[in-house]
Amino acid sequence: PRWRHHHHCTNNQIGPVRGGRSIAEFFDYQCPYCKRNHPELMKVIESDGSIRLVMKDFPIFGDPSIYAANLVLASAAAGKYAAALEALMNTPARLSRQDVDATLKKVGLDPTELHAAYKKNSRQIDAIIVRNIAQANAFNLQGTPAFVIGLKIYPGYMNEKALKEAVAETRNA
């Protein structure tokens with residue numbers, strides 16, 4: 001895909017981006033609404049071509065969510081972040097660790113290697129998640145998904161039309 005996920009510390013901050021064209025989503029790999037929302041979000045990103053998408057792991061559904069987030073963030077080092085994220089977003093709702101592993105294997109990723117990569121970079125990856133949770137709490141988010149578009153917070157599911165309207169609003173601001 002043409003879009004790039006930004007997962008380095010400097011880029012993962014929410015703040016004014018040049019032109020303000022960014023969508024940040026606080027999400028959880030086990031959240032059914034996040035998964036249902038994902039194709040709508042990608043349609044907007046792909047049709048617009050100039051929005052920076054920041055996916056912010058906010059693992060609130062327990063251990064498998066944290067496990068999934070850790071492995072996907074670890075996959076970034078190998079340039080496989082998008083593939084790992086898409087694979088997990090295309091799963092039905094709840095996941096066990098075994099489900100996470102099986103899903104990543106389907107797209108050619110080795111969960112054992114990813115876990116080793118996570119262990120190697122755990123301080124950095126844990127810091128990203130801790131910061132995302134702190135931001136979510138500062139924004140008073142009650143759940144996932146939640147979108148930050150421009151300077152506004154939109155809690156809950158947003159279809160393609162709602163997302164486009166929110167983006168348009170940032171351009172008129």
# chains A, B, ... in the order shown; residues from 1 in each chain; ligands from 1
$ residues_around --residues "A:Arg97" --least-positions-apart "6" --cutoff "8 Å" --atoms "only C-alpha atoms" --output "PyMOL selection string"
chain A and resi 64+67-68
$ write_last_selection --atoms "C-alpha atoms" --output "PDB file, in the first residue's frame"
ATOM      1  CA  PRO A  64      -3.713 -10.851  23.862  1.00  0.00           C
ATOM      2  CA  TYR A  67       0.815  -9.331  22.909  1.00  0.00           C
ATOM      3  CA  ALA A  68      -0.530  -8.415  19.451  1.00  0.00           C
TER       4      ALA A  68
END
$ closest_residue --among "A:Phe147, A:Phe27, A:Phe58, A:Tyr33" --to "A:Ala134" --atoms "only C-alpha atoms"
A:Phe58
$ select_by_dssp --residues "chain A" --states "alpha helix (DSSP H)" --output "PyMOL selection string"
chain A and resi 32-48+63-75+81-89+97-106+111-120+122-138+160-172
$ select_by_dssp --residues "chain A" --states "strand (DSSP E)" --output "ChimeraX atom specification"
/A:22-27,52-57,146-149,152-155
$ write_last_selection --atoms "N, CA and C atoms" --output "PDB file, in the first residue's frame"
ATOM      1  N   SER A  22      -3.732  14.910   9.338  1.00  0.00           N
ATOM      2  CA  SER A  22      -3.414  13.632   9.966  1.00  0.00           C
ATOM      3  C   SER A  22      -4.639  13.059  10.649  1.00  0.00           C
ATOM      4  N   ILE A  23      -4.671  11.737  10.667  1.00  0.00           N
ATOM      5  CA  ILE A  23      -5.684  11.016  11.442  1.00  0.00           C
ATOM      6  C   ILE A  23      -4.908  10.096  12.358  1.00  0.00           C
ATOM      7  N   ALA A  24      -5.184  10.205  13.638  1.00  0.00           N
ATOM      8  CA  ALA A  24      -4.627   9.248  14.591  1.00  0.00           C
ATOM      9  C   ALA A  24      -5.786   8.407  15.096  1.00  0.00           C
ATOM     10  N   GLU A  25      -5.562   7.103  15.153  1.00  0.00           N
ATOM     11  CA  GLU A  25      -6.596   6.228  15.699  1.00  0.00           C
ATOM     12  C   GLU A  25      -6.044   5.475  16.893  1.00  0.00           C
ATOM     13  N   PHE A  26      -6.735   5.591  18.009  1.00  0.00           N
ATOM     14  CA  PHE A  26      -6.463   4.751  19.176  1.00  0.00           C
ATOM     15  C   PHE A  26      -7.288   3.483  18.978  1.00  0.00           C
ATOM     16  N   PHE A  27      -6.603   2.341  18.968  1.00  0.00           N
ATOM     17  CA  PHE A  27      -7.297   1.111  18.590  1.00  0.00           C
ATOM     18  C   PHE A  27      -6.754  -0.078  19.378  1.00  0.00           C
ATOM     19  N   ARG A  52      -1.676  11.813   6.781  1.00  0.00           N
ATOM     20  CA  ARG A  52      -0.750  10.983   7.536  1.00  0.00           C
ATOM     21  C   ARG A  52      -1.568  10.191   8.558  1.00  0.00           C
ATOM     22  N   LEU A  53      -1.429   8.866   8.515  1.00  0.00           N
ATOM     23  CA  LEU A  53      -2.164   8.005   9.441  1.00  0.00           C
ATOM     24  C   LEU A  53      -1.238   7.569  10.567  1.00  0.00           C
ATOM     25  N   VAL A  54      -1.682   7.792  11.778  1.00  0.00           N
ATOM     26  CA  VAL A  54      -0.916   7.347  12.940  1.00  0.00           C
ATOM     27  C   VAL A  54      -1.782   6.354  13.710  1.00  0.00           C
ATOM     28  N   MET A  55      -1.363   5.087  13.725  1.00  0.00           N
ATOM     29  CA  MET A  55      -2.107   4.064  14.447  1.00  0.00           C
ATOM     30  C   MET A  55      -1.517   3.971  15.844  1.00  0.00           C
ATOM     31  N   LYS A  56      -2.357   4.214  16.848  1.00  0.00           N
ATOM     32  CA  LYS A  56      -1.866   4.259  18.218  1.00  0.00           C
ATOM     33  C   LYS A  56      -2.452   3.096  19.023  1.00  0.00           C
ATOM     34  N   ASP A  57      -1.628   2.133  19.320  1.00  0.00           N
ATOM     35  CA  ASP A  57      -2.072   0.973  20.100  1.00  0.00           C
ATOM     36  C   ASP A  57      -2.559   1.424  21.469  1.00  0.00           C
ATOM     37  N   ALA A 146     -11.067   5.415  18.784  1.00  0.00           N
ATOM     38  CA  ALA A 146     -11.219   6.852  18.947  1.00  0.00           C
ATOM     39  C   ALA A 146     -10.253   7.497  17.975  1.00  0.00           C
ATOM     40  N   PHE A 147     -10.731   8.533  17.308  1.00  0.00           N
ATOM     41  CA  PHE A 147      -9.937   9.199  16.279  1.00  0.00           C
ATOM     42  C   PHE A 147      -9.604  10.611  16.722  1.00  0.00           C
ATOM     43  N   VAL A 148      -8.380  11.028  16.428  1.00  0.00           N
ATOM     44  CA  VAL A 148      -8.010  12.426  16.612  1.00  0.00           C
ATOM     45  C   VAL A 148      -7.726  12.946  15.207  1.00  0.00           C
ATOM     46  N   ILE A 149      -8.552  13.877  14.768  1.00  0.00           N
ATOM     47  CA  ILE A 149      -8.459  14.410  13.408  1.00  0.00           C
ATOM     48  C   ILE A 149      -8.356  15.918  13.543  1.00  0.00           C
ATOM     49  N   LYS A 152      -9.516  17.800  16.898  1.00  0.00           N
ATOM     50  CA  LYS A 152     -10.741  17.282  17.515  1.00  0.00           C
ATOM     51  C   LYS A 152     -10.668  15.797  17.789  1.00  0.00           C
ATOM     52  N   ILE A 153     -11.352  15.400  18.856  1.00  0.00           N
ATOM     53  CA  ILE A 153     -11.424  13.983  19.225  1.00  0.00           C
ATOM     54  C   ILE A 153     -12.804  13.459  18.848  1.00  0.00           C
ATOM     55  N   TYR A 154     -12.797  12.323  18.142  1.00  0.00           N
ATOM     56  CA  TYR A 154     -14.050  11.681  17.721  1.00  0.00           C
ATOM     57  C   TYR A 154     -14.087  10.282  18.304  1.00  0.00           C
ATOM     58  N   PRO A 155     -14.815  10.071  19.404  1.00  0.00           N
ATOM     59  CA  PRO A 155     -14.875   8.717  19.958  1.00  0.00           C
ATOM     60  C   PRO A 155     -15.838   7.846  19.170  1.00  0.00           C
TER      61      PRO A 155
END
$ residues_around --residues "stretch 116-128 of chain A" --least-positions-apart "5" --cutoff "7 Å" --atoms "only C-alpha atoms" --output "ChimeraX atom specification"
/A:70-71,73-74
$ residues_around --residues "A:Asn37" --least-positions-apart "2" --cutoff "8 Å" --atoms "only C-alpha atoms" --output "mmCIF file with all heavy atoms, in the first residue's frame"
data_model
loop_
_atom_site.group_PDB
_atom_site.id
_atom_site.type_symbol
_atom_site.label_atom_id
_atom_site.label_comp_id
_atom_site.auth_asym_id
_atom_site.auth_seq_id
_atom_site.Cartn_x
_atom_site.Cartn_y
_atom_site.Cartn_z
ATOM 1 N N TYR A 33 -15.282 -3.062 16.731
ATOM 2 C CA TYR A 33 -15.606 -1.824 16.012
ATOM 3 C C TYR A 33 -14.386 -1.276 15.282
ATOM 4 O O TYR A 33 -14.502 -0.720 14.193
ATOM 5 C CB TYR A 33 -16.183 -0.772 16.955
ATOM 6 C CG TYR A 33 -17.513 -1.202 17.504
ATOM 7 C CD1 TYR A 33 -17.639 -1.692 18.800
ATOM 8 C CD2 TYR A 33 -18.658 -1.159 16.697
ATOM 9 C CE1 TYR A 33 -18.854 -2.128 19.284
ATOM 10 C CE2 TYR A 33 -19.890 -1.587 17.178
ATOM 11 C CZ TYR A 33 -19.982 -2.071 18.480
ATOM 12 O OH TYR A 33 -21.199 -2.501 18.944
ATOM 13 N N CYS A 34 -13.205 -1.438 15.875
ATOM 14 C CA CYS A 34 -11.968 -1.009 15.201
ATOM 15 C C CYS A 34 -11.810 -1.783 13.898
ATOM 16 O O CYS A 34 -11.455 -1.226 12.861
ATOM 17 C CB CYS A 34 -10.738 -1.277 16.075
ATOM 18 S SG CYS A 34 -10.727 -0.377 17.639
ATOM 19 N N LYS A 35 -12.080 -3.082 13.973
ATOM 20 C CA LYS A 35 -11.903 -3.937 12.801
ATOM 21 C C LYS A 35 -12.919 -3.613 11.718
ATOM 22 O O LYS A 35 -12.598 -3.578 10.537
ATOM 23 C CB LYS A 35 -12.006 -5.408 13.196
ATOM 24 C CG LYS A 35 -10.870 -5.795 14.138
ATOM 25 C CD LYS A 35 -10.972 -7.256 14.488
ATOM 26 C CE LYS A 35 -10.137 -7.554 15.698
ATOM 27 N NZ LYS A 35 -9.836 -8.955 15.814
ATOM 28 N N PRO A 39 -11.518 -0.905 7.184
ATOM 29 C CA PRO A 39 -11.624 -0.732 5.727
ATOM 30 C C PRO A 39 -12.119 0.662 5.338
ATOM 31 O O PRO A 39 -11.667 1.233 4.345
ATOM 32 C CB PRO A 39 -12.625 -1.807 5.294
ATOM 33 C CG PRO A 39 -12.692 -2.776 6.428
ATOM 34 C CD PRO A 39 -12.332 -2.034 7.669
ATOM 35 N N GLU A 40 -13.019 1.228 6.141
ATOM 36 C CA GLU A 40 -13.546 2.579 5.873
ATOM 37 C C GLU A 40 -12.409 3.599 6.006
ATOM 38 O O GLU A 40 -12.243 4.496 5.180
ATOM 39 C CB GLU A 40 -14.650 2.933 6.887
ATOM 40 C CG GLU A 40 -15.799 1.948 6.927
ATOM 41 C CD GLU A 40 -16.939 2.307 5.983
ATOM 42 O OE1 GLU A 40 -17.117 3.498 5.659
ATOM 43 O OE2 GLU A 40 -17.642 1.375 5.564
ATOM 44 N N LEU A 41 -11.621 3.439 7.054
ATOM 45 C CA LEU A 41 -10.480 4.326 7.299
ATOM 46 C C LEU A 41 -9.483 4.236 6.143
ATOM 47 O O LEU A 41 -9.012 5.259 5.631
ATOM 48 C CB LEU A 41 -9.811 3.927 8.622
ATOM 49 C CG LEU A 41 -8.502 4.636 8.978
ATOM 50 C CD1 LEU A 41 -8.728 6.135 9.195
ATOM 51 C CD2 LEU A 41 -7.884 4.010 10.236
ATOM 52 N N TYR A 157 -17.037 4.558 16.352
ATOM 53 C CA TYR A 157 -17.015 4.164 14.946
ATOM 54 C C TYR A 157 -17.245 5.368 14.039
ATOM 55 O O TYR A 157 -18.114 6.193 14.314
ATOM 56 C CB TYR A 157 -18.125 3.130 14.727
ATOM 57 C CG TYR A 157 -18.185 2.579 13.330
ATOM 58 C CD1 TYR A 157 -17.443 1.452 12.984
ATOM 59 C CD2 TYR A 157 -18.972 3.178 12.361
ATOM 60 C CE1 TYR A 157 -17.494 0.938 11.691
ATOM 61 C CE2 TYR A 157 -19.027 2.674 11.070
ATOM 62 C CZ TYR A 157 -18.287 1.554 10.744
ATOM 63 O OH TYR A 157 -18.329 1.042 9.474
ATOM 64 N N MET A 158 -16.462 5.468 12.948
ATOM 65 C CA MET A 158 -16.671 6.530 11.966
ATOM 66 C C MET A 158 -16.638 5.929 10.571
ATOM 67 O O MET A 158 -15.617 5.369 10.177
ATOM 68 C CB MET A 158 -15.575 7.582 12.056
ATOM 69 C CG MET A 158 -15.663 8.472 13.256
ATOM 70 S SD MET A 158 -14.330 9.713 13.206
ATOM 71 C CE MET A 158 -15.133 11.061 12.330
ATOM 72 N N ASN A 159 -17.739 6.049 9.819
ATOM 73 C CA ASN A 159 -17.715 5.516 8.467
ATOM 74 C C ASN A 159 -16.953 6.462 7.541
ATOM 75 O O ASN A 159 -16.484 7.524 7.966
ATOM 76 C CB ASN A 159 -19.136 5.219 7.967
ATOM 77 C CG ASN A 159 -19.964 6.484 7.830
ATOM 78 O OD1 ASN A 159 -19.456 7.599 7.810
ATOM 79 N ND2 ASN A 159 -21.274 6.296 7.751
#
$ atom_distance --atom1 "atom CA of A:Ala84" --atom2 "atom CA of A:Asp99"
12.9 Å
$ atom_distance --atom1 "atom CA of A:Ser50" --atom2 "atom CA of A:Ala162"
17.4 Å
$ closest_residue --among "A:Asp63, A:Asp110, A:Asp48, A:Asp101" --to "A:Leu163" --atoms "only C-alpha atoms"
A:Asp48
$ closest_residue --among "A:Ile45, A:Leu114, A:Cys31, A:Ala93" --to "A:Ile60" --atoms "only C-alpha atoms"
A:Cys31
